[in-house]
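Colleague: My structure file final02.cif, mmCIF, C-alpha atoms, is below:
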data_final
loop_
_atom_site.label_atom_id
_atom_site.label_comp_id
_atom_site.auth_asym_id
_atom_site.auth_seq_id
_atom_site.Cartn_x
_atom_site.Cartn_y
_atom_site.Cartn_z
CA MET A 670 29.87 -5.41 14.85
CA THR A 671 31.57 -2.04 14.43
CA GLY A 672 30.51 -0.25 11.29
CA MET A 673 30.76 3.13 9.73
CA SER A 674 28.83 6.19 10.85
CA GLU A 675 26.78 8.18 8.36
CA THR A 676 25.13 11.54 8.96
CA CYS A 677 22.14 13.03 7.20
CA ASP A 678 19.31 15.46 7.78
CA ILE A 679 16.43 12.99 7.42
CA ALA A 680 16.49 9.19 7.51
CA VAL A 681 13.57 7.48 5.78
CA VAL A 682 13.24 3.80 6.70
CA GLY A 683 11.18 1.80 4.22
CA ALA A 684 11.24 2.46 0.48
CA GLY A 685 7.67 1.67 -0.46
CA THR A 686 5.63 4.34 -2.17
CA SER A 687 5.26 6.28 1.09
CA GLY A 688 9.00 6.22 1.74
CA VAL A 689 9.95 7.09 -1.84
CA VAL A 690 7.65 10.12 -1.88
CA ALA A 691 8.89 11.17 1.57
CA ALA A 692 12.52 10.96 0.43
CA LEU A 693 11.83 12.85 -2.80
CA THR A 694 9.92 15.57 -0.94
CA ALA A 695 12.66 16.17 1.61
CA ALA A 696 15.47 16.03 -0.97
CA ARG A 697 13.76 18.55 -3.21
CA GLN A 698 13.61 20.95 -0.26
CA GLY A 699 17.36 20.69 0.20
CA ALA A 700 17.58 18.04 2.92
CA ARG A 701 20.28 15.37 2.84
CA VAL A 702 18.29 12.13 2.88
CA VAL A 703 19.21 8.51 3.53
CA LEU A 704 16.57 6.09 2.25
CA VAL A 705 16.82 2.61 3.79
CA GLU A 706 15.12 -0.51 2.41
CA ALA A 707 15.34 -4.01 3.92
CA THR A 708 14.81 -5.78 0.57
CA ASP A 709 16.72 -5.50 -2.70
CA ARG A 710 13.98 -3.48 -4.49
CA ILE A 711 12.19 -0.21 -3.93
CA GLY A 712 8.46 0.35 -4.37
CA GLY A 713 7.08 -1.80 -1.55
CA LEU A 714 4.21 -4.26 -1.86
CA ALA A 715 2.87 -2.51 -4.95
CA ILE A 716 5.75 -3.69 -7.18
CA HIS A 717 4.79 -7.36 -6.97
CA GLY A 718 2.16 -7.42 -9.69
CA LEU A 719 -1.28 -7.36 -8.12
CA HIS A 720 -1.57 -3.58 -8.16
CA ARG A 721 -2.83 -1.86 -11.30
CA PHE A 722 -4.43 1.27 -9.85
CA VAL A 723 -3.46 4.08 -7.53
CA CYS A 724 -6.34 4.47 -5.08
CA GLY A 725 -7.04 7.37 -2.76
CA LEU A 726 -6.09 10.32 -4.97
CA PHE A 727 -9.59 11.62 -5.68
CA HIS A 728 -12.85 12.56 -4.05
CA THR A 729 -15.66 10.01 -4.26
CA GLY A 730 -18.37 10.44 -6.87
CA GLY A 731 -18.84 13.27 -9.32
CA SER A 732 -19.02 13.28 -13.09
CA ARG A 733 -15.25 13.69 -13.34
CA PRO A 734 -12.36 13.06 -10.93
CA SER A 735 -11.66 15.76 -8.38
CA GLU A 736 -8.18 15.63 -6.82
CA LEU A 737 -7.61 15.63 -3.09
CA PRO A 738 -4.97 18.07 -1.76
CA ALA A 739 -2.30 15.37 -1.55
CA GLY A 740 0.76 17.50 -2.35
CA LYS A 741 2.95 18.29 -5.34
CA THR A 742 5.42 15.39 -4.98
CA THR A 743 2.62 12.84 -4.77
CA TYR A 744 0.96 14.09 -7.94
CA ASP A 745 4.25 14.49 -9.79
CA PHE A 746 5.06 10.86 -8.96
CA CYS A 747 1.62 9.67 -10.05
CA ARG A 748 1.75 11.73 -13.23
CA ARG A 749 5.03 10.11 -14.20
CA LEU A 750 3.86 6.63 -13.21
CA ALA A 751 0.63 6.88 -15.21
CA GLY A 752 2.13 8.77 -18.13
CA GLY A 753 -0.09 11.83 -18.01
CA ASP A 754 -2.44 14.07 -16.04
CA PRO A 755 -4.08 11.93 -13.31
CA THR A 756 -7.41 13.71 -13.69
CA GLU A 757 -7.45 12.96 -17.42
CA LEU A 758 -6.44 9.32 -17.03
CA ALA A 759 -8.55 8.37 -14.01
CA VAL A 760 -11.28 5.76 -14.45
CA ARG A 761 -14.39 5.28 -12.38
CA ARG A 762 -15.16 2.01 -10.60
CA GLY A 763 -18.47 2.22 -8.79
CA ARG A 764 -18.31 5.32 -6.60
CA VAL A 765 -14.54 5.77 -6.62
CA TRP A 766 -11.99 7.11 -9.11
CA LEU A 767 -8.79 5.17 -9.75
CA LEU A 768 -5.57 6.01 -11.58
CA PRO A 769 -4.43 3.08 -13.77
CA PHE A 770 -0.75 2.27 -14.29
CA ALA A 771 1.16 -0.50 -16.02
CA GLY A 772 1.88 -2.66 -12.98
CA GLY A 773 4.69 -3.49 -10.58
CA ALA A 774 7.60 -3.29 -13.01
CA ALA A 775 6.50 0.17 -14.11
CA LEU A 776 6.18 1.33 -10.52
CA GLU A 777 9.60 0.00 -9.56
CA ALA A 778 11.19 1.64 -12.61
CA CYS A 779 9.49 4.97 -11.91
CA ALA A 780 10.53 5.00 -8.26
CA GLY A 781 14.07 3.90 -9.04
CA GLU A 782 14.58 6.51 -11.73
CA LEU A 783 13.26 9.40 -9.63
CA VAL A 784 15.33 8.43 -6.59
CA ALA A 785 18.48 7.99 -8.70
CA ARG A 786 18.05 11.50 -10.12
CA GLU A 787 18.14 13.16 -6.70
CA PRO A 788 21.71 13.94 -5.61
CA ASN A 789 20.47 14.57 -2.06
CA ILE A 790 19.26 10.95 -1.64
CA ARG A 791 21.56 8.10 -0.65
CA LEU A 792 19.81 4.76 -1.11
CA HIS A 793 20.70 1.73 1.03
CA LEU A 794 19.19 -1.54 -0.23
CA ARG A 795 19.23 -4.84 1.68
CA LYS A 796 19.70 -2.90 4.92
CA ARG A 797 17.41 -3.38 7.90
CA ALA A 798 17.18 -1.16 10.96
CA VAL A 799 18.00 -3.26 14.05
CA ARG A 800 18.47 -0.70 16.81
CA ALA A 801 17.37 2.84 17.64
CA VAL A 802 19.16 4.96 20.23
CA ARG A 803 17.36 7.80 21.97
CA ASN A 804 18.85 10.85 23.62
CA GLY A 805 16.08 12.16 25.82
CA ASP A 806 13.09 12.90 23.59
CA GLN A 807 15.17 12.73 20.41
CA LEU A 808 16.08 9.81 18.17
CA ALA A 809 19.86 10.07 18.00
CA GLU A 810 21.00 7.00 16.04
CA ILE A 811 19.65 4.22 13.86
CA GLU A 812 21.81 1.13 13.55
CA LEU A 813 21.47 -1.06 10.45
CA ALA A 814 22.08 -4.80 10.29
CA SER A 815 25.24 -4.10 8.29
CA GLY A 816 26.67 -2.21 11.27
CA THR A 817 26.25 1.21 9.70
CA VAL A 818 25.02 3.80 12.20
CA LEU A 819 22.85 6.62 10.85
CA LYS A 820 22.86 9.92 12.69
CA ALA A 821 19.90 11.98 11.50
CA LYS A 822 18.21 15.15 12.69
CA ALA A 823 14.82 13.56 11.97
CA ALA A 824 13.49 10.17 10.87
CA ILE A 825 10.38 8.86 9.13
CA ASP A 826 9.14 5.31 9.61
CA CYS A 827 7.66 4.11 6.31
CA THR A 828 8.11 0.40 6.95
CA GLY A 829 4.38 -0.36 6.86
CA SER A 830 4.59 -2.06 10.27
CA ALA A 831 5.98 0.77 12.45
CA ALA A 832 9.22 -1.22 12.78
CA LEU A 833 11.44 1.80 13.48
CA CYS A 834 8.94 3.18 15.98
CA ARG A 835 9.03 -0.16 17.82
CA LEU A 836 12.83 -0.02 17.97
CA ALA A 837 12.57 3.48 19.42
CA GLY A 838 10.32 2.25 22.23
CA ALA A 839 6.91 3.23 20.86
CA GLN A 840 3.90 0.96 21.38
CA VAL A 841 2.56 -0.88 18.35
CA ASP A 842 -0.86 -2.55 18.35
CA TRP A 843 -1.46 -5.72 16.33
CA PRO A 844 -4.89 -6.62 14.91
CA VAL A 845 -6.73 -9.49 16.56
CA HIS A 846 -8.38 -10.39 13.25
CA PRO A 847 -6.04 -9.16 10.49
CA ALA A 848 -7.33 -8.48 7.02
CA LEU A 849 -7.12 -11.19 4.37
CA ALA A 850 -3.75 -11.33 2.65
CA GLY A 851 -3.37 -11.01 -1.12
CA TYR A 852 -1.88 -13.62 -3.43
CA GLY A 853 -2.09 -14.41 -7.11
CA PHE A 854 -0.55 -15.50 -10.37
CA GLU A 855 -0.19 -13.98 -13.81
CA VAL A 856 -1.54 -15.85 -16.83
CA ALA A 857 -1.23 -15.49 -20.60
CA ASP A 858 -2.94 -16.82 -23.73
CA VAL A 859 -6.41 -16.40 -22.27
CA ASP A 860 -9.10 -16.38 -24.97
CA GLU A 861 -11.26 -13.53 -23.76
CA SER A 862 -13.73 -14.07 -26.61
CA MET A 863 -14.71 -17.37 -24.95
CA SER A 864 -15.57 -15.81 -21.59
CA GLY A 865 -19.26 -15.48 -22.43
CA PRO A 866 -21.51 -12.46 -22.02
CA LEU A 867 -20.30 -11.79 -18.47
CA GLY A 868 -16.68 -11.18 -19.42
CA LEU A 869 -13.79 -12.49 -17.35
CA SER A 870 -14.23 -9.95 -14.55
CA LEU A 871 -17.53 -11.64 -13.69
CA ALA A 872 -16.98 -15.09 -15.15
CA VAL A 873 -13.88 -15.89 -13.06
CA PRO A 874 -15.51 -15.13 -9.67
CA TYR A 875 -18.66 -16.96 -10.75
CA LEU A 876 -16.79 -20.15 -11.67
CA VAL A 877 -14.75 -20.18 -8.46
CA ARG A 878 -17.71 -19.35 -6.22
CA GLN A 879 -19.67 -22.29 -7.65
CA GLU A 880 -16.89 -24.65 -6.59
CA ALA A 881 -16.54 -23.03 -3.16
CA ALA A 882 -20.30 -23.22 -2.60
CA VAL A 883 -20.28 -27.02 -2.90
CA GLY A 884 -17.11 -27.44 -0.83
CA ARG A 885 -14.67 -28.32 -3.60
CA LEU A 886 -12.68 -25.17 -2.84
CA ALA A 887 -12.00 -23.42 0.46
CA ALA A 888 -14.73 -20.89 1.29
CA HIS A 889 -12.40 -17.86 1.14
CA LEU A 890 -11.41 -18.72 -2.44
CA ALA A 891 -14.89 -17.53 -3.41
CA TYR A 892 -13.38 -14.02 -3.31
CA THR A 893 -11.05 -14.77 -6.23
CA THR A 894 -11.02 -12.10 -8.97
CA TRP A 895 -9.62 -11.41 -12.43
CA GLU A 896 -7.54 -8.29 -13.10
CA PRO A 897 -6.77 -7.75 -16.80
CA SER A 898 -3.37 -6.61 -17.99
CA THR A 899 -2.74 -3.97 -20.63
CA VAL A 900 -1.60 -6.88 -22.85
CA PRO A 901 -4.50 -8.73 -24.56
CA GLY A 902 -4.96 -12.25 -23.24
CA GLN A 903 -2.98 -11.58 -20.06
CA GLY A 904 -4.04 -10.82 -16.53
CA TRP A 905 -3.83 -11.72 -12.87
CA ILE A 906 -5.87 -14.22 -10.90
CA LYS A 907 -6.09 -12.61 -7.45
CA LEU A 908 -6.79 -14.62 -4.29
CA ALA A 909 -7.63 -13.46 -0.77
CA LEU A 910 -6.25 -15.69 1.98
CA PRO A 911 -6.65 -15.77 5.77
CA VAL A 912 -3.36 -15.18 7.53
CA ALA A 913 -3.55 -18.72 8.92
CA ASP A 914 -3.57 -20.12 5.36
CA VAL A 915 -0.73 -18.15 3.74
CA SER A 916 1.65 -21.10 4.02
CA GLN A 917 -0.66 -22.99 1.62
CA ALA A 918 -0.93 -20.10 -0.84
CA ARG A 919 0.60 -21.99 -3.77
CA GLU A 920 -1.55 -25.07 -3.21
CA GLN A 921 -4.71 -22.97 -3.06
CA ALA A 922 -3.69 -21.09 -6.21
CA ASP A 923 -3.20 -24.43 -7.97
CA ALA A 924 -6.68 -25.52 -6.89
CA VAL A 925 -8.20 -22.38 -8.40
CA TRP A 926 -6.21 -22.90 -11.60
CA ARG A 927 -7.56 -26.43 -12.00
CA VAL A 928 -11.10 -25.05 -11.81
CA LEU A 929 -10.44 -22.29 -14.33
CA GLY A 930 -8.66 -24.68 -16.67
CA LYS A 931 -11.99 -26.36 -17.40
CA ALA A 932 -13.43 -23.12 -18.80
CA PRO A 933 -13.09 -22.49 -22.59
CA ALA A 934 -11.41 -19.11 -22.04
CA PHE A 935 -8.54 -20.80 -20.16
CA ALA A 936 -8.26 -23.97 -22.24
CA ARG A 937 -4.89 -22.92 -23.73
CA ALA A 938 -3.84 -20.43 -21.07
CA ARG A 939 -0.57 -20.76 -19.19
CA ILE A 940 0.82 -19.38 -15.95
CA LEU A 941 3.59 -16.84 -16.37
CA ARG A 942 4.50 -16.46 -12.72
CA HIS A 943 3.25 -16.64 -9.15
CA LEU A 944 3.85 -14.02 -6.50
CA THR A 945 6.91 -14.96 -4.51
CA ALA A 946 4.90 -14.72 -1.28
CA PRO A 947 1.48 -13.60 -0.05
CA LEU A 948 1.17 -9.86 0.58
CA ALA A 949 -0.12 -8.77 3.98
CA ARG A 950 -2.82 -6.11 3.89
CA GLU A 951 -2.50 -5.36 7.58
CA THR A 952 0.28 -5.61 10.14
CA GLY A 953 0.92 -3.46 13.22
CA HIS A 954 -0.28 0.08 13.87
CA LEU A 955 1.55 2.72 15.84
CA ARG A 956 -0.04 3.79 19.12
CA GLY A 957 0.20 7.49 18.44
CA ALA A 958 -0.62 10.69 20.27
CA TYR A 959 -4.09 10.19 18.78
CA VAL A 960 -5.76 7.00 17.49
CA LEU A 961 -7.96 7.73 14.48
CA THR A 962 -11.34 6.06 15.00
CA GLU A 963 -13.98 4.60 12.72
CA GLU A 964 -16.38 7.27 13.94
CA ASP A 965 -13.89 9.97 12.89
CA VAL A 966 -13.88 8.56 9.36
CA ARG A 967 -17.59 7.91 9.00
CA SER A 968 -18.52 11.34 10.34
CA ALA A 969 -16.03 13.08 8.00
CA ARG A 970 -14.38 14.67 11.02
CA ASP A 971 -11.95 17.51 10.56
CA PHE A 972 -8.98 18.23 12.81
CA ALA A 973 -7.09 21.45 13.51
CA ASP A 974 -3.82 19.57 12.97
CA ALA A 975 -4.95 17.59 9.89
CA VAL A 976 -2.00 16.93 7.54
CA VAL A 977 -3.80 14.76 4.95
CA ARG A 978 -7.40 14.57 3.78
CA ASN A 979 -8.85 11.22 2.74
CA ALA A 980 -11.98 10.13 0.90
CA TRP A 981 -11.22 6.44 0.33
CA PRO A 982 -13.90 4.16 1.84
CA ILE A 983 -13.32 1.73 4.69
CA GLU A 984 -12.31 -1.27 2.58
CA ARG A 985 -12.49 -4.37 4.76
CA TRP A 986 -11.21 -7.77 3.65
CA GLU A 987 -12.64 -10.32 6.08
CA GLU A 988 -12.69 -14.10 6.04
CA ASN A 989 -16.43 -14.47 6.54
CA GLN A 990 -17.56 -12.01 3.86
CA GLY A 991 -14.73 -11.00 1.55
CA VAL A 992 -14.46 -7.32 0.74
CA THR A 993 -16.96 -4.71 1.93
CA TYR A 994 -16.95 -0.93 1.53
CA ARG A 995 -18.28 1.83 3.76
CA TYR A 996 -18.28 5.13 1.91
CA LEU A 997 -18.24 8.73 2.97
CA PRO A 998 -20.90 10.81 1.24
CA ASP A 999 -19.76 11.93 -2.22
CA GLY A 1000 -17.45 14.93 -2.06
CA GLN A 1001 -16.71 14.60 1.68
CA THR A 1002 -13.39 13.83 3.33
CA HIS A 1003 -12.00 13.19 6.79
CA GLY A 1004 -8.79 14.58 8.19
CA ILE A 1005 -5.76 12.64 9.38
CA PRO A 1006 -4.19 14.60 12.22
CA LEU A 1007 -0.49 15.06 12.80
CA ARG A 1008 -0.90 13.27 16.14
CA CYS A 1009 -1.54 10.00 14.26
CA LEU A 1010 2.00 10.24 12.87
CA GLN A 1011 3.59 10.98 16.25
CA PRO A 1012 4.48 8.10 18.60
CA GLN A 1013 2.66 8.43 21.90
CA ASN A 1014 5.91 8.08 23.81
CA GLY A 1015 8.21 9.96 21.45
CA PRO A 1016 10.85 10.51 20.24
CA ALA A 1017 9.77 13.93 19.03
CA ASN A 1018 11.85 13.87 15.84
CA LEU A 1019 10.38 10.56 14.62
CA LEU A 1020 7.21 10.41 12.52
CA CYS A 1021 5.35 7.42 11.10
CA ALA A 1022 3.88 7.54 7.59
CA GLY A 1023 2.01 5.08 5.42
CA ALA A 1024 -0.17 2.14 6.36
CA ALA A 1025 1.01 1.82 9.97
CA ILE A 1026 -0.04 5.22 11.33
CA SER A 1027 -2.07 5.36 14.53
CA ALA A 1028 -5.59 4.14 13.71
CA GLU A 1029 -8.17 1.57 14.65
CA PRO A 1030 -8.12 -1.58 12.50
CA ALA A 1031 -11.28 -0.55 10.64
CA VAL A 1032 -9.72 2.81 9.80
CA ALA A 1033 -6.55 1.16 8.55
CA ALA A 1034 -8.73 -0.26 5.79
CA ALA A 1035 -9.30 3.30 4.56
CA ILE A 1036 -5.73 4.61 4.72
CA ARG A 1037 -3.50 1.79 3.47
CA VAL A 1038 -4.08 2.51 -0.24
CA MET A 1039 -1.23 3.95 -2.31
CA GLY A 1040 -2.52 7.48 -2.80
CA VAL A 1041 -3.12 8.05 0.92
CA CYS A 1042 0.22 6.47 1.88
CA MET A 1043 2.10 8.68 -0.56
CA ALA A 1044 0.31 11.77 0.76
CA LEU A 1045 1.26 10.77 4.32
CA GLY A 1046 4.89 10.32 3.28
CA GLU A 1047 4.94 13.76 1.70
CA ALA A 1048 3.31 15.36 4.75
CA ALA A 1049 5.79 13.67 7.11
CA ALA A 1050 8.72 14.91 5.04
CA ARG A 1051 7.50 18.50 5.07
CA LEU A 1052 6.94 18.36 8.83
CA SER A 1053 10.39 16.84 9.38
CA MET A 1054 12.01 19.87 7.78
CA ASP A 1055 11.18 21.75 10.99
CA PHE A 1056 13.87 19.73 12.80
CA LEU A 1057 16.66 20.88 10.49
#
Reformat the file's structure so that it appears as structure tokens.
Modeller:
Amino acid sequence: MTGMSETCDIAVVGAGTSGVVAALTAARQGARVVLVEATDRIGGLAIHGLHRFVCGLFHTGGSRPSELPAGKTTYDFCRRLAGGDPTELAVRRGRVWLLPFAGGAALEACAGELVAREPNIRLHLRKRAVRAVRNGDQLAEIELASGTVLKAKAAIDCTGSAALCRLAGAQVDWPVHPALAGYGFEVADVDESMSGPLGLSLAVPYLVRQEAAVGRLAAHLAYTTWEPSTVPGQGWIKLALPVADVSQAREQADAVWRVLGKAPAFARARILRHLTAPLARETGHLRGAYVLTEEDVRSARDFADAVVRNAWPIERWEENQGVTYRYLPDGQTHGIPLRCLQPQNGPANLLCAGAAISAEPAVAAAIRVMGVCMALGEAAARLSMDFL
């Protein structure tokens, strides 16, 4: 297929939160940006309904939230998404601070509006990168499935699976035991007054775990949770599924719903919608110039070339135990070095940002949250300006 050629300063492939913030950052510094997204919507996994909080923006602990040095674009985006100052709106859950927002539709609208306002951003939806052409140690061209060929001075891979890096010849490592995937459905007309003294956040897991304990539900469904909406009587039932079981996601959701339907709080409740597909928590990770290790995170290691600082715990979702957290001491952070964004085998003008940066699988569980991914996108954009 012979298509048109399009030139730009920076090509950002993947329009999740990392890619959106990367594109906004570069455009606001005067770069001509092409933002490419394989689907028909921007915002990434977080627009699909299960996400209600931005994680990874704040230090752990403290009597009030203390912001990490994530960058101006990241905080401007979060301020607009949440509708106010993140430090004033943050809520504490255990040892971490979270920024609440109104869900996937709000995130998609926020991202879409901000991108549309930037005259330096050209957005390509339903376009997938299928080929990358190198000229020595430089990425020279990116071909899209439509036949369009992008010629950029620099590129940022924000696909979440290092897809562009793979096309450019970089090594990508795949987890042997990937994290549990997320799935769920939104419900309405729940009578929260009938949930008992535990409230739905505890009552829903309790009911499902009882059934899983006696074998009437699959063991991993014991990790089912309730996430309330901002609308009274509405919320999400959230499931965690092994990758091997994602093809039965709807059937397993129906099994959970039958259990909950016996509880007084759900007697008149109805399902509004299911997720269209399970959401992967973990895919491939770039083999970068440096692989961030679990020891780096747990020892709060600093790096001379650190581009982002992170305090989010190692949040593991595993089939045999559900979710577990390993925290840094309150107030401490670890660095994420530039080398984790750079493919081990080049090209030099290609950086990876977001969940697929170079890291051990355990570390990926600390960096794939929205706040950290946005900060990585912003850092990659600022570094890419050096190629212009």
Colleague: Show me a table, sorted first by chain and then by increasing residue number, of the residues of region 798-861 of chain A having an atom at most 10 Å from region 887-899 of chain A, each with its shortest atom pair and the distance in Å to one decimal, counting all atoms listed in the file and written as CSV.
Modeller:
residue,atom,partner,partner_atom,distance
A:Leu849,CA,A:His889,CA,9.1
A:Gly851,CA,A:Thr893,CA,10.0
A:Tyr852,CA,A:Thr893,CA,9.7
A:Gly853,CA,A:Thr893,CA,9.0
A:Glu855,CA,A:Ser898,CA,9.0
A:Val856,CA,A:Ser898,CA,9.5
A:Ala857,CA,A:Ser898,CA,9.5
Colleague: If we count only C-alpha atoms, what is near region 950-960 of chain A at a cut-off of 9 Å, once residues fewer than 2 positions away on the same chain are taken out, given as an NGL selection string?
Modeller: :A and (829-832 or 834-835 or 839-844 or 847-851 or 948 or 962 or 986 or 1006-1015 or 1021 or 1024-1030 or 1033-1034 or 1037)
Colleague: Expand the PyMOL selection byres ((chain A and resi 733) around 10) into the explicit residue set it covers here, and present it as a VMD selection string.
Modeller: chain A and resid 727 to 732 734 to 736 756 to 757 759 to 761 766
Colleague: What do you get, as a list in words, if you spell out every residue that the PyMOL selection byres ((chain A and resi 772) around 9) selects here?
Modeller: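 Applying the expression gives Ala715, Ile716, His717, Gly718, Leu719, His720, Arg721, Phe722, Pro769, Phe770, Ala771, Gly773, Ala774, Ala775, Leu776, Glu777 and Ser898 of chain A.
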Colleague: Quick one: of A:Ala1050, A:Val912, A:Leu941, A:Leu714, who's nearest to Val681 (chain A), counting all atoms listed in the file?
Modeller: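 Closest to Val681 (chain A) of all the choices is A:Ala1050.
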Colleague: Identify, on the basis of all atoms listed in the file, every residue whose closest approach to Ile983 (chain A) does not exceed 7 Å; exclude the query and any residue fewer than 6 positions from it along the same chain; express the result as a PyMOL selection string.
Modeller: chain A and resi 994-996+1031-1032+1034-1035
Colleague: As an exercise, work out the distance from CA of Ala823 (chain A) to CA of Cys724 (chain A) in Å and give it to one decimal place.
Modeller: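 Interatomic distance, CA of Ala823 (chain A) to CA of Cys724 (chain A): 28.7 Å.
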Colleague: What is the distance between CA of Pro755 (chain A) and CA of Gln903 (chain A), in Å to one decimal?
Modeller: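 Spanning CA of Pro755 (chain A) to CA of Gln903 (chain A) is a straight-line distance of 24.5 Å.
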Colleague: Could you tell me which of A:Leu1052, A:Leu792, A:Ala913, A:Met863 comes closest to His846 (chain A) if we count all atoms listed in the file?
Modeller: A:Ala913
Colleague: Given the choices A:Val818, A:Cys779, A:Leu869, A:Ala1017, which gets closest to Val703 (chain A) if the distance is worked out from all atoms listed in the file?
Modeller: A:Val818
Colleague: Find the residue from A:Ala680, A:Met1039, A:Ala918, A:Leu1057 that sits nearest to Ala692 (chain A); use all atoms listed in the file when measuring.
Modeller: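 Closest to Ala692 (chain A), using all atoms listed in the file: A:Ala680.
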